[in-house]
Amino acid sequence: MSTPPPNLLPVLDRFGPHLNRASPARLATDAQPDRLVKTHCCFCGQQCGIQLKVKDDTVIGFEPWYDFPFNRGMLCPKGVKRYLQGAHPDRLLTAFKRDPGAPEGFSPMGYPEAIERVASEFARIQREHGNAAIGALSGASLTVEKAYLMGKFARVCLKTPYIDYNGRLCMVSAGAGNKKAFGIDRAANPWSDIPKAELIWISGANVAECAPITTEYVWQARDNGARIIVVDPRITPLARTCDLFLPVKPGRDIALFSGVLHLMIEKGWIDRPFIDAFTVGFDKVAEHVASWTPARTAEVTGIPERLVRQAAEWWGTAKTSFLMHARGIEHHSHGVQNVLGAINIVLASGRIGREGCGYGTITGQANGQGGREHGQKCDQLPGMRDITNPEHRAHIARLWNIPEPDLPGPGVDCYEMFRKIDRGEIKGLLSICFNPMVSLPDNAFIARALGKLDFYLAIDFFMNETARHADIVLPGSLQEEDEGIVTQIEGKVIKINKAVECPGDARQDWKIIQDIAAALGRPAGFTFAGPREILDELRLASKGGIADYSGITYEKIERQYGVSWPCYSESPDGAPIDHPGTPRLFEPGSWNPVAKGAGPYYYPDGKARFNVAPYTPPAEDVDADYPLILTTGRVVSQFLSGTQTRRIGPLVDQYPEPRIELHPRLAETLGISDGDWVTAESRRGDCTLRAMVVTTIRPDTIFIPYHWPGRKSANQLTISAQDPISKIPEYKVCAARLRKAEAPPDWADSLEPQQG
């Protein structure tokens with residue numbers, strides 16, 4: 001059974017997280033690197049260019065890469081210190097097996113023995129319980145090649161329908177909304193269009209902390225005279241200098257968008273010729289928003305009516321504009337509806353598909369875009385193909401050299417996989433670069449489910465909090481230890497270049513997957529010599545799909561500083577071409593494989609879809625017992641579950657431990673002062689942290705960053721309610737209460753700030 005060691009302290013002592021800081025060799029100003037490797041940051045979806053300084057097969061620092069156009073040498077705090085994850089004392093250098101007799105719960109084992117054990121257990125489980133008794137959880141930080149390989153491995157080698165990825169917690173509401181409206185899931189515009197817009201609308205995105213280099217684009221627009229509207233329950237750093245701040249009540253974004261569209265229609269601030277020529281469904285949406293008067297919108301959203309009117313006027317009368325959003329409107333049980341509401345006001349304005357007029361979703365993870373295009377989602381095949389579409393299935397089955405009936409059908413989302421584990425339907429699990437014990441909501445349930453597994457394999461480069469539950473842990477690769485492609489925030493495919501070798505017994509992740517396939521006696525289709533060969537097959541797999549990478553090569557990426565998909569290898573009449581890529585979608589006269597010239601959008605008639613997006617309240621709203629709204633998010637120096645950033649000393653110094661943000665008015669009511677120990681409670685659990693009293697949050701809302709594990713984890717409190725379409729959890733709203741703690745928590749004197 002997959003249970004963690006009972007005593008946490010020996011585990012922490014052996015595996016960390018410990019803090020890595022610059023060594024003398026890294027600090028020496030006269031240290032000359034053996035080489036500079038042009039590559040990209042390993043963290044967020046902006047994928048900023050960076051040059052890693054390598055000496056003696058160790059990354060010792062970085063130099064700015066001024067020529068890379070997206071960030072032009074600029075980096076955020078995480079990018080500046082990302083090199084400190086290399087040569088880290090916590091780095092897994094060997095395979096480990098569960099060992100109840102060892103204080104830390106694990107003992108090292110040889111890599112070949114570990115692979116044989118994994119294959120033996122997977123084969124036993126499938127022999128006893130069927131192929132679908134194995135599940136795979138993959139990651140959006142993997143390169144496109146690895147993500148493609150994971151989808152193929154699950155369906156062809158393991159023959160299971162059950163694969164999903166941690167992008168389920170990130171971009172899926174945006175993706176589902178975009179597909180419903182446009183027929184394609186990708187940012188519509190390059191970020192170079194942002195400075196050309198006279199109005200920037202940002203909803204649910206703490207841009208300055210979560211996508212700092214995007215802030216520079218917004219500032220350029222401001223310097224050019226643009227107005228900036230920010231919608232958020234917190235006055236984020238960017239909101240402090242915006243022109244109009246709308247303090248929305250968490251979970252009410254669709255009401256705001258409906259109210260804005262109501263006023264646009266009432267005042268004639270819509271582009272009727274564009275609507276008639278390029279869209280369908282407007283009249284039904286207009287009928288729906290007729291009831292969303294400014295007074296009703298203000299009542300539901302908590303935004304004063306005059307501000308709703310001002311936002312609608314600025315948006316409605318602008319000549320050029322750019323709307324962007326992120327998890328703040330997407331992490332909801334109605335996240336797709338929120339996204340559709342945003343798209344509705346973009347389409348009604350007619351300002352999309354041309355220079356300075358755009359719409360984009362801010363990608364969270366390094367390969368959050370490419371990771372959701374090529375088959376590691378539960379319902380998807382490579383090229384953004386639909387796993388239930390007979391033509392799509394036939395294309396992939398031919399390429400993979402299997403009978404189409406042998407290709408499994410759709411699986412379930414990652415949270416539903418844990419429900420299946422809890423019910424005993426999934427007996428064995430493989431996870432790679434996924435830390436659900438920190439990142440999934442209601443994590444007490446996740447721990448319970450993990451304890452019911454017959455066998456659990458974790459692949460990672462550090463012993464993350466979920467891997468502590470594993471039976472076998474295999475040492476995977478850091479980004480700089482392999483090569484491959486990722487697709488960044490604009491839909492541009494860029495290349496990760498290998499800088500150093502894997503240390504010890506660590507392996508590139510694609511090698512580990514192929515070694516398991518070989519040990520299972522199922523090597524067919526898993527004998528690639530390297531990422532380039534995987535990409536060559538992926539290009540064929542994606543050809544003709546919506547996410548067509550067939551014209552993308554490593555050489556073209558290097559030559560152009562990235563290639564925006566779709567990038568075709570053939571013209572519409574079948575002639576070979578050297579396609580440059582597609583930086584801006586939906587331009588008039590553009591061609592795509594769905595519309596085939598009928599129009600710029602990815603539907604047979606070439607038109608975009610307005611969608612009726614009804615308002616529904618959060619799954620769990622406030623009441624007398626739990627009168628506060630808990631919302632969660634990120635801080636600038638940490639990233640997602642903190643597996644990497646909680647091991648980098650300067651980043652932990654910047655924000656050592658999670659705190660509970662609350663408004664002074666609420667603090668006064670509860671008798672709480674800044675720095676006091678306070679306990680937040682929900683119907684699922686409680687969490688005791690220090691208070692941070694700030695004026696930048698709504699008085700009815702508290703905020704906890706989610707990067708920490710264990711008793712410091714915000715996800716002890718969050719609710720597992722999910723959007724019915726995207727299956728994204730509702731991280732941004734649950735009912736909570738707050739009180740001053742009677743004493744510090746029991747971990748206060750035993751755990752370092754980064755630990756949990």
# chains A, B, ... in the order shown; residues from 1 in each chain; ligands from 1
call {"tool": "closest_atom_pairs", "arguments": {"of": "region 635-700 of chain A", "to": "region 82-85 of chain A", "cutoff": "12 Å", "atoms": "only C-alpha atoms", "output": "Markdown table"}}
result
| residue | atom | partner | partner_atom | distance |
| --- | --- | --- | --- | --- |
| A:Ser637 | CA | A:Arg82 | CA | 10.6 |
| A:Gln638 | CA | A:Arg82 | CA | 11.0 |
| A:Phe639 | CA | A:Arg82 | CA | 11.1 |
| A:Gly642 | CA | A:Gln85 | CA | 11.7 |
| A:Thr643 | CA | A:Gln85 | CA | 10.0 |
| A:Gln644 | CA | A:Gln85 | CA | 6.6 |
| A:Thr645 | CA | A:Arg82 | CA | 8.0 |
| A:Arg646 | CA | A:Gln85 | CA | 9.9 |
| A:Arg647 | CA | A:Gln85 | CA | 7.2 |
| A:Ile648 | CA | A:Leu84 | CA | 6.1 |
| A:Gly649 | CA | A:Leu84 | CA | 8.4 |
| A:Pro650 | CA | A:Leu84 | CA | 9.4 |
| A:Leu651 | CA | A:Arg82 | CA | 9.3 |
call {"tool": "write_last_selection", "arguments": {"atoms": "N, CA, C and O atoms", "output": "compact mmCIF listing (two decimals), in the first residue's frame"}}
result
# COMPACT_ATOMS: atom_id res chain seq x y z
N SER A 637 7.85 34.85 -5.85
CA SER A 637 9.08 34.08 -5.72
C SER A 637 8.86 32.58 -5.68
O SER A 637 9.83 31.82 -5.62
N GLN A 638 7.61 32.14 -5.72
CA GLN A 638 7.32 30.71 -5.68
C GLN A 638 6.57 30.29 -6.94
O GLN A 638 6.01 31.12 -7.65
N PHE A 639 6.55 28.97 -7.18
CA PHE A 639 5.90 28.46 -8.39
C PHE A 639 5.17 27.17 -8.09
O PHE A 639 5.75 26.21 -7.57
N GLY A 642 5.82 24.25 -5.55
CA GLY A 642 7.05 24.61 -4.85
C GLY A 642 8.13 23.55 -4.88
O GLY A 642 9.16 23.71 -4.21
N THR A 643 7.94 22.47 -5.64
CA THR A 643 8.94 21.40 -5.66
C THR A 643 10.34 21.94 -5.98
O THR A 643 11.33 21.49 -5.40
N GLN A 644 10.41 22.91 -6.89
CA GLN A 644 11.70 23.51 -7.24
C GLN A 644 11.98 24.77 -6.42
O GLN A 644 13.05 24.91 -5.83
N THR A 645 11.03 25.69 -6.40
CA THR A 645 11.31 27.02 -5.81
C THR A 645 11.47 26.99 -4.30
O THR A 645 12.18 27.84 -3.75
N ARG A 646 10.86 26.02 -3.61
CA ARG A 646 11.06 25.94 -2.15
C ARG A 646 12.41 25.31 -1.81
O ARG A 646 12.71 25.11 -0.63
N ARG A 647 13.23 25.06 -2.81
CA ARG A 647 14.59 24.56 -2.59
C ARG A 647 15.65 25.60 -2.97
O ARG A 647 16.84 25.30 -2.90
N ILE A 648 15.23 26.77 -3.38
CA ILE A 648 16.16 27.81 -3.82
C ILE A 648 16.18 28.91 -2.76
O ILE A 648 15.18 29.62 -2.57
N GLY A 649 17.31 29.04 -2.06
CA GLY A 649 17.39 29.90 -0.89
C GLY A 649 16.93 31.32 -1.11
O GLY A 649 16.08 31.83 -0.35
N PRO A 650 17.44 32.05 -2.12
CA PRO A 650 17.01 33.44 -2.29
C PRO A 650 15.51 33.60 -2.56
O PRO A 650 14.93 34.62 -2.20
N LEU A 651 14.88 32.62 -3.19
CA LEU A 651 13.44 32.71 -3.44
C LEU A 651 12.65 32.48 -2.15
O LEU A 651 11.63 33.14 -1.92
call {"tool": "residues_around", "arguments": {"residues": "region 209-215 of chain A", "least_positions_apart": "5", "cutoff": "10 Å", "atoms": "only C-alpha atoms", "output": "PDB file with N, CA, C and O atoms, in the first residue's frame"}}
result
ATOM      1  N   CYS A  44       7.434  29.446 -15.782  1.00  0.00           N
ATOM      2  CA  CYS A  44       6.080  29.743 -16.273  1.00  0.00           C
ATOM      3  C   CYS A  44       5.979  29.670 -17.789  1.00  0.00           C
ATOM      4  O   CYS A  44       6.948  29.463 -18.509  1.00  0.00           O
ATOM      5  N   GLY A  45       4.772  29.900 -18.279  1.00  0.00           N
ATOM      6  CA  GLY A  45       4.474  29.770 -19.698  1.00  0.00           C
ATOM      7  C   GLY A  45       5.016  30.874 -20.572  1.00  0.00           C
ATOM      8  O   GLY A  45       4.902  30.792 -21.805  1.00  0.00           O
ATOM      9  N   GLN A  46       5.621  31.917 -19.982  1.00  0.00           N
ATOM     10  CA  GLN A  46       6.243  32.941 -20.820  1.00  0.00           C
ATOM     11  C   GLN A  46       7.477  32.393 -21.519  1.00  0.00           C
ATOM     12  O   GLN A  46       7.825  32.816 -22.602  1.00  0.00           O
ATOM     13  N   GLN A  47       8.186  31.454 -20.843  1.00  0.00           N
ATOM     14  CA  GLN A  47       9.363  30.804 -21.405  1.00  0.00           C
ATOM     15  C   GLN A  47      10.403  31.813 -21.884  1.00  0.00           C
ATOM     16  O   GLN A  47      10.826  31.824 -23.050  1.00  0.00           O
ATOM     17  N   CYS A  48      10.831  32.653 -20.962  1.00  0.00           N
ATOM     18  CA  CYS A  48      11.801  33.695 -21.272  1.00  0.00           C
ATOM     19  C   CYS A  48      13.134  33.087 -21.700  1.00  0.00           C
ATOM     20  O   CYS A  48      13.587  32.086 -21.140  1.00  0.00           O
ATOM     21  N   PHE A  70      11.027  37.832 -26.947  1.00  0.00           N
ATOM     22  CA  PHE A  70       9.926  37.942 -25.986  1.00  0.00           C
ATOM     23  C   PHE A  70      10.334  38.749 -24.760  1.00  0.00           C
ATOM     24  O   PHE A  70       9.619  39.655 -24.338  1.00  0.00           O
ATOM     25  N   ASN A  71      11.477  38.426 -24.148  1.00  0.00           N
ATOM     26  CA  ASN A  71      11.859  39.099 -22.896  1.00  0.00           C
ATOM     27  C   ASN A  71      13.075  40.001 -23.029  1.00  0.00           C
ATOM     28  O   ASN A  71      13.367  40.765 -22.107  1.00  0.00           O
ATOM     29  N   ARG A  72      13.798  39.917 -24.166  1.00  0.00           N
ATOM     30  CA  ARG A  72      14.919  40.828 -24.440  1.00  0.00           C
ATOM     31  C   ARG A  72      15.861  40.951 -23.240  1.00  0.00           C
ATOM     32  O   ARG A  72      16.282  42.036 -22.850  1.00  0.00           O
ATOM     33  N   MET A  74      15.268  40.390 -20.060  1.00  0.00           N
ATOM     34  CA  MET A  74      14.628  40.581 -18.753  1.00  0.00           C
ATOM     35  C   MET A  74      14.235  39.235 -18.144  1.00  0.00           C
ATOM     36  O   MET A  74      13.829  38.316 -18.858  1.00  0.00           O
ATOM     37  N   LEU A  75      14.322  39.139 -16.826  1.00  0.00           N
ATOM     38  CA  LEU A  75      13.916  37.941 -16.100  1.00  0.00           C
ATOM     39  C   LEU A  75      13.273  38.346 -14.788  1.00  0.00           C
ATOM     40  O   LEU A  75      13.577  39.405 -14.229  1.00  0.00           O
ATOM     41  N   CYS A  76      12.400  37.483 -14.276  1.00  0.00           N
ATOM     42  CA  CYS A  76      11.809  37.707 -12.958  1.00  0.00           C
ATOM     43  C   CYS A  76      12.701  37.063 -11.896  1.00  0.00           C
ATOM     44  O   CYS A  76      13.705  36.419 -12.226  1.00  0.00           O
ATOM     45  N   PRO A  77      12.384  37.217 -10.603  1.00  0.00           N
ATOM     46  CA  PRO A  77      13.245  36.611  -9.574  1.00  0.00           C
ATOM     47  C   PRO A  77      13.451  35.109  -9.741  1.00  0.00           C
ATOM     48  O   PRO A  77      14.548  34.595  -9.483  1.00  0.00           O
ATOM     49  N   TRP A 191       2.159  38.798 -28.225  1.00  0.00           N
ATOM     50  CA  TRP A 191       2.192  39.831 -27.183  1.00  0.00           C
ATOM     51  C   TRP A 191       2.643  41.186 -27.737  1.00  0.00           C
ATOM     52  O   TRP A 191       2.409  42.216 -27.129  1.00  0.00           O
ATOM     53  N   ILE A 194       0.059  43.900 -27.704  1.00  0.00           N
ATOM     54  CA  ILE A 194      -0.391  44.567 -26.478  1.00  0.00           C
ATOM     55  C   ILE A 194      -0.019  46.049 -26.468  1.00  0.00           C
ATOM     56  O   ILE A 194      -0.875  46.905 -26.196  1.00  0.00           O
ATOM     57  N   GLN A 220       4.356  49.127 -21.608  1.00  0.00           N
ATOM     58  CA  GLN A 220       4.584  49.770 -22.909  1.00  0.00           C
ATOM     59  C   GLN A 220       3.287  50.355 -23.446  1.00  0.00           C
ATOM     60  O   GLN A 220       3.274  51.471 -23.995  1.00  0.00           O
ATOM     61  N   ALA A 221       2.195  49.598 -23.317  1.00  0.00           N
ATOM     62  CA  ALA A 221       0.903  50.116 -23.759  1.00  0.00           C
ATOM     63  C   ALA A 221       0.536  51.377 -22.978  1.00  0.00           C
ATOM     64  O   ALA A 221       0.066  52.371 -23.558  1.00  0.00           O
ATOM     65  N   THR A 236      -3.790  43.931  -6.820  1.00  0.00           N
ATOM     66  CA  THR A 236      -2.504  43.330  -7.158  1.00  0.00           C
ATOM     67  C   THR A 236      -1.510  44.434  -7.511  1.00  0.00           C
ATOM     68  O   THR A 236      -1.895  45.590  -7.726  1.00  0.00           O
ATOM     69  N   PRO A 237      -0.205  44.101  -7.589  1.00  0.00           N
ATOM     70  CA  PRO A 237       0.768  45.144  -7.917  1.00  0.00           C
ATOM     71  C   PRO A 237       0.432  45.926  -9.180  1.00  0.00           C
ATOM     72  O   PRO A 237       0.577  47.150  -9.215  1.00  0.00           O
ATOM     73  N   LEU A 238      -0.005  45.244 -10.236  1.00  0.00           N
ATOM     74  CA  LEU A 238      -0.356  45.963 -11.459  1.00  0.00           C
ATOM     75  C   LEU A 238      -1.602  46.822 -11.265  1.00  0.00           C
ATOM     76  O   LEU A 238      -1.721  47.911 -11.845  1.00  0.00           O
ATOM     77  N   ALA A 326      -6.561  34.985 -16.639  1.00  0.00           N
ATOM     78  CA  ALA A 326      -5.812  33.830 -16.152  1.00  0.00           C
ATOM     79  C   ALA A 326      -6.684  33.078 -15.155  1.00  0.00           C
ATOM     80  O   ALA A 326      -7.917  33.133 -15.199  1.00  0.00           O
ATOM     81  N   ILE A 362      -3.412  33.766 -20.268  1.00  0.00           N
ATOM     82  CA  ILE A 362      -2.058  33.768 -19.734  1.00  0.00           C
ATOM     83  C   ILE A 362      -1.720  32.355 -19.259  1.00  0.00           C
ATOM     84  O   ILE A 362      -2.258  31.872 -18.268  1.00  0.00           O
ATOM     85  N   THR A 363      -0.824  31.705 -19.990  1.00  0.00           N
ATOM     86  CA  THR A 363      -0.473  30.315 -19.708  1.00  0.00           C
ATOM     87  C   THR A 363       0.323  30.219 -18.416  1.00  0.00           C
ATOM     88  O   THR A 363       1.224  31.010 -18.168  1.00  0.00           O
ATOM     89  N   GLY A 364       0.019  29.209 -17.595  1.00  0.00           N
ATOM     90  CA  GLY A 364       0.666  29.071 -16.298  1.00  0.00           C
ATOM     91  C   GLY A 364       1.979  28.319 -16.348  1.00  0.00           C
ATOM     92  O   GLY A 364       3.032  28.855 -16.021  1.00  0.00           O
ATOM     93  N   ILE A 489       3.430  31.175 -24.113  1.00  0.00           N
ATOM     94  CA  ILE A 489       2.186  31.890 -23.842  1.00  0.00           C
ATOM     95  C   ILE A 489       1.478  32.403 -25.096  1.00  0.00           C
ATOM     96  O   ILE A 489       0.256  32.488 -25.145  1.00  0.00           O
ATOM     97  N   GLY A 633      -3.857  31.590  -4.523  1.00  0.00           N
ATOM     98  CA  GLY A 633      -3.094  32.018  -5.685  1.00  0.00           C
ATOM     99  C   GLY A 633      -1.608  31.924  -5.432  1.00  0.00           C
ATOM    100  O   GLY A 633      -1.153  31.219  -4.520  1.00  0.00           O
ATOM    101  N   ARG A 634      -0.848  32.683  -6.226  1.00  0.00           N
ATOM    102  CA  ARG A 634       0.599  32.585  -6.218  1.00  0.00           C
ATOM    103  C   ARG A 634       1.249  33.842  -5.675  1.00  0.00           C
ATOM    104  O   ARG A 634       0.618  34.894  -5.584  1.00  0.00           O
ATOM    105  N   VAL A 635       2.546  33.715  -5.329  1.00  0.00           N
ATOM    106  CA  VAL A 635       3.388  34.854  -4.989  1.00  0.00           C
ATOM    107  C   VAL A 635       4.591  34.843  -5.934  1.00  0.00           C
ATOM    108  O   VAL A 635       4.924  33.807  -6.519  1.00  0.00           O
ATOM    109  N   VAL A 636       5.256  35.973  -6.074  1.00  0.00           N
ATOM    110  CA  VAL A 636       6.218  36.152  -7.153  1.00  0.00           C
ATOM    111  C   VAL A 636       7.409  35.210  -7.057  1.00  0.00           C
ATOM    112  O   VAL A 636       7.944  34.770  -8.086  1.00  0.00           O
ATOM    113  N   SER A 637       7.850  34.853  -5.848  1.00  0.00           N
ATOM    114  CA  SER A 637       9.085  34.084  -5.722  1.00  0.00           C
ATOM    115  C   SER A 637       8.858  32.580  -5.682  1.00  0.00           C
ATOM    116  O   SER A 637       9.832  31.819  -5.620  1.00  0.00           O
ATOM    117  N   GLN A 638       7.610  32.142  -5.722  1.00  0.00           N
ATOM    118  CA  GLN A 638       7.319  30.710  -5.683  1.00  0.00           C
ATOM    119  C   GLN A 638       6.567  30.289  -6.937  1.00  0.00           C
ATOM    120  O   GLN A 638       6.011  31.119  -7.645  1.00  0.00           O
ATOM    121  N   PHE A 639       6.547  28.970  -7.183  1.00  0.00           N
ATOM    122  CA  PHE A 639       5.905  28.465  -8.390  1.00  0.00           C
ATOM    123  C   PHE A 639       5.170  27.173  -8.087  1.00  0.00           C
ATOM    124  O   PHE A 639       5.747  26.213  -7.569  1.00  0.00           O
TER     125      PHE A 639
END
call {"tool": "closest_residue", "arguments": {"among": "A:Gly756, A:Gly581, A:Gly370, A:Pro233", "to": "Leu12 (chain A)", "atoms": "only C-alpha atoms"}}
result
A:Gly756
call {"tool": "residues_around", "arguments": {"residues": "region 540-542 of chain A", "least_positions_apart": "6", "cutoff": "8 Å", "atoms": "only C-alpha atoms", "output": "PyMOL selection string"}}
result
chain A and resi 374+382-384+395-396+399+548-550
call {"tool": "residues_around", "arguments": {"residues": "Asn611 (chain A)", "least_positions_apart": "3", "cutoff": "7 Å", "atoms": "only C-alpha atoms", "output": "number ranges by chain"}}
result
A: 181, 281, 285, 340
call {"tool": "write_last_selection", "arguments": {"atoms": "N, CA, C and O atoms", "output": "CSV table (one decimal), in the first residue's frame"}}
result
chain,number,residue,atom,x,y,z
A,181,ALA,N,-15.8,28.9,-28.6
A,181,ALA,CA,-16.0,30.1,-29.3
A,181,ALA,C,-15.3,30.2,-30.6
A,181,ALA,O,-15.9,30.7,-31.6
A,281,GLY,N,-24.8,33.4,-33.3
A,281,GLY,CA,-25.3,33.2,-32.0
A,281,GLY,C,-25.5,34.5,-31.2
A,281,GLY,O,-25.8,34.5,-30.0
A,285,VAL,N,-27.4,35.5,-27.2
A,285,VAL,CA,-26.7,36.1,-26.1
A,285,VAL,C,-27.2,37.5,-25.7
A,285,VAL,O,-27.3,37.8,-24.6
A,340,LEU,N,-16.2,32.3,-21.5
A,340,LEU,CA,-17.1,32.6,-22.6
A,340,LEU,C,-17.6,34.0,-22.5
A,340,LEU,O,-17.8,34.7,-23.5
call {"tool": "closest_atom_pairs", "arguments": {"of": "region 491-567 of chain A", "to": "region 571-578 of chain A", "cutoff": "10 Å", "atoms": "only C-alpha atoms", "output": "tab-separated table"}}
result
residue	atom	partner	partner_atom	distance
A:Gly551	CA	A:Asp578	CA	6.9
A:Ile552	CA	A:Asp578	CA	9.2
A:Lys556	CA	A:Asp578	CA	9.5
A:Cys567	CA	A:Asp578	CA	8.7
call {"tool": "write_last_selection", "arguments": {"atoms": "N, CA, C and O atoms", "output": "PDB file, in the first residue's frame"}}
result
ATOM      1  N   GLY A 551       5.166  21.503 -40.027  1.00  0.00           N
ATOM      2  CA  GLY A 551       6.188  22.331 -40.652  1.00  0.00           C
ATOM      3  C   GLY A 551       7.244  22.845 -39.694  1.00  0.00           C
ATOM      4  O   GLY A 551       8.081  23.676 -40.079  1.00  0.00           O
ATOM      5  N   ILE A 552       7.229  22.372 -38.445  1.00  0.00           N
ATOM      6  CA  ILE A 552       8.147  22.878 -37.422  1.00  0.00           C
ATOM      7  C   ILE A 552       9.338  21.941 -37.277  1.00  0.00           C
ATOM      8  O   ILE A 552       9.178  20.732 -37.127  1.00  0.00           O
ATOM      9  N   LYS A 556      14.259  25.465 -37.839  1.00  0.00           N
ATOM     10  CA  LYS A 556      13.398  26.624 -38.092  1.00  0.00           C
ATOM     11  C   LYS A 556      13.161  27.413 -36.803  1.00  0.00           C
ATOM     12  O   LYS A 556      13.151  28.644 -36.807  1.00  0.00           O
ATOM     13  N   CYS A 567       1.686  25.520 -38.151  1.00  0.00           N
ATOM     14  CA  CYS A 567       2.764  25.670 -39.130  1.00  0.00           C
ATOM     15  C   CYS A 567       2.698  24.459 -40.041  1.00  0.00           C
ATOM     16  O   CYS A 567       3.053  23.353 -39.635  1.00  0.00           O
TER      17      CYS A 567
END
call {"tool": "residues_around", "arguments": {"residues": "Pro4 (chain A)", "least_positions_apart": "4", "cutoff": "8 Å", "atoms": "only C-alpha atoms", "output": "PyMOL selection string"}}
result
chain A and resi 105+468-470
call {"tool": "write_last_selection", "arguments": {"atoms": "N, CA, C and O atoms", "output": "tab-separated table (two decimals), in the first residue's frame"}}
result
chain	number	residue	atom	x	y	z
A	105	GLY	N	12.16	6.10	5.35
A	105	GLY	CA	11.12	5.38	4.63
A	105	GLY	C	11.52	4.80	3.30
A	105	GLY	O	10.74	4.10	2.66
A	468	ARG	N	6.61	10.80	-1.65
A	468	ARG	CA	6.81	10.14	-0.35
A	468	ARG	C	5.85	8.96	-0.16
A	468	ARG	O	6.07	8.09	0.68
A	469	HIS	N	4.76	8.93	-0.93
A	469	HIS	CA	3.79	7.84	-0.85
A	469	HIS	C	4.15	6.69	-1.78
A	469	HIS	O	3.47	5.65	-1.76
A	470	ALA	N	5.18	6.86	-2.61
A	470	ALA	CA	5.43	5.91	-3.69
A	470	ALA	C	6.08	4.62	-3.19
A	470	ALA	O	6.72	4.58	-2.14
call {"tool": "residues_around", "arguments": {"residues": "Glu661 (chain A)", "least_positions_apart": "5", "cutoff": "8 Å", "atoms": "only C-alpha atoms", "output": "PyMOL selection string"}}
result
chain A and resi 691-694+697+702-704
call {"tool": "atom_distance", "arguments": {"atom1": "CA of Arg227 (chain A)", "atom2": "CA of Leu199 (chain A)"}}
result
4.9 Å
call {"tool": "select_by_dssp", "arguments": {"residues": "region 15-102 of chain A", "states": "helix (DSSP H, G or I)", "output": "ChimeraX atom specification"}}
result
/A:15,24-27,77-85
call {"tool": "residues_around", "arguments": {"residues": "Asp674 (chain A)", "least_positions_apart": "4", "cutoff": "12 Å", "atoms": "only C-alpha atoms", "output": "MDAnalysis selection string"}}
result
chainID A and resid 659:664 666:668 670 678 689:695 740
call {"tool": "closest_residue", "arguments": {"among": "A:Gly484, A:Gly130, A:Gly16, A:Gly350", "to": "Thr317 (chain A)", "atoms": "only C-alpha atoms"}}
result
A:Gly350
call {"tool": "select_by_dssp", "arguments": {"residues": "region 324-568 of chain A", "states": "strand (DSSP E)", "output": "ChimeraX atom specification"}}
result
/A:324-325,357-361,380-381,385-386,428-432,455-460,472-475,484-487,492-496,563-564
call {"tool": "closest_residue", "arguments": {"among": "A:Arg737, A:Val118, A:Pro588, A:Val438", "to": "Ala517 (chain A)", "atoms": "only C-alpha atoms"}}
result
A:Val118
call {"tool": "atom_distance", "arguments": {"atom1": "CA of Ser349 (chain A)", "atom2": "CA of Leu323 (chain A)"}}
result
11.2 Å
call {"tool": "closest_residue", "arguments": {"among": "A:Arg711, A:Arg186, A:Arg91, A:Arg665", "to": "Gly504 (chain A)", "atoms": "only C-alpha atoms"}}
result
A:Arg91
call {"tool": "atom_distance", "arguments": {"atom1": "CA of Lys732 (chain A)", "atom2": "CA of Gly368 (chain A)"}}
result
19.4 Å
call {"tool": "decode", "arguments": {"residues": "region 619-627 of chain A", "atoms": "N, CA and C atoms", "output": "JSON list (two decimals), in the first residue's frame"}}
result
[["chain", "number", "residue", "atom", "x", "y", "z"],
["A", 619, "ALA", "N", -19.93, 26.83, -5.98],
["A", 619, "ALA", "CA", -20.49, 25.59, -5.45],
["A", 619, "ALA", "C", -20.72, 25.68, -3.95],
["A", 620, "GLU", "N", -19.86, 26.42, -3.27],
["A", 620, "GLU", "CA", -20.00, 26.60, -1.83],
["A", 620, "GLU", "C", -19.90, 28.10, -1.52],
["A", 621, "ASP", "N", -21.02, 28.69, -1.18],
["A", 621, "ASP", "CA", -21.04, 30.12, -0.88],
["A", 621, "ASP", "C", -21.00, 30.33, 0.63],
["A", 622, "VAL", "N", -20.81, 31.57, 1.03],
["A", 622, "VAL", "CA", -20.72, 31.89, 2.45],
["A", 622, "VAL", "C", -22.07, 31.69, 3.14],
["A", 623, "ASP", "N", -22.02, 31.45, 4.46],
["A", 623, "ASP", "CA", -23.22, 31.35, 5.28],
["A", 623, "ASP", "C", -22.86, 31.80, 6.69],
["A", 624, "ALA", "N", -23.77, 31.62, 7.62],
["A", 624, "ALA", "CA", -23.54, 32.09, 8.99],
["A", 624, "ALA", "C", -22.37, 31.37, 9.65],
["A", 625, "ASP", "N", -22.17, 30.10, 9.34],
["A", 625, "ASP", "CA", -21.08, 29.34, 9.96],
["A", 625, "ASP", "C", -19.72, 29.64, 9.32],
["A", 626, "TYR", "N", -19.74, 29.86, 8.03],
["A", 626, "TYR", "CA", -18.50, 30.14, 7.29],
["A", 626, "TYR", "C", -18.74, 31.41, 6.48],
["A", 627, "PRO", "N", -18.55, 32.58, 7.10],
["A", 627, "PRO", "CA", -18.99, 33.84, 6.49],
["A", 627, "PRO", "C", -17.98, 34.49, 5.55]]
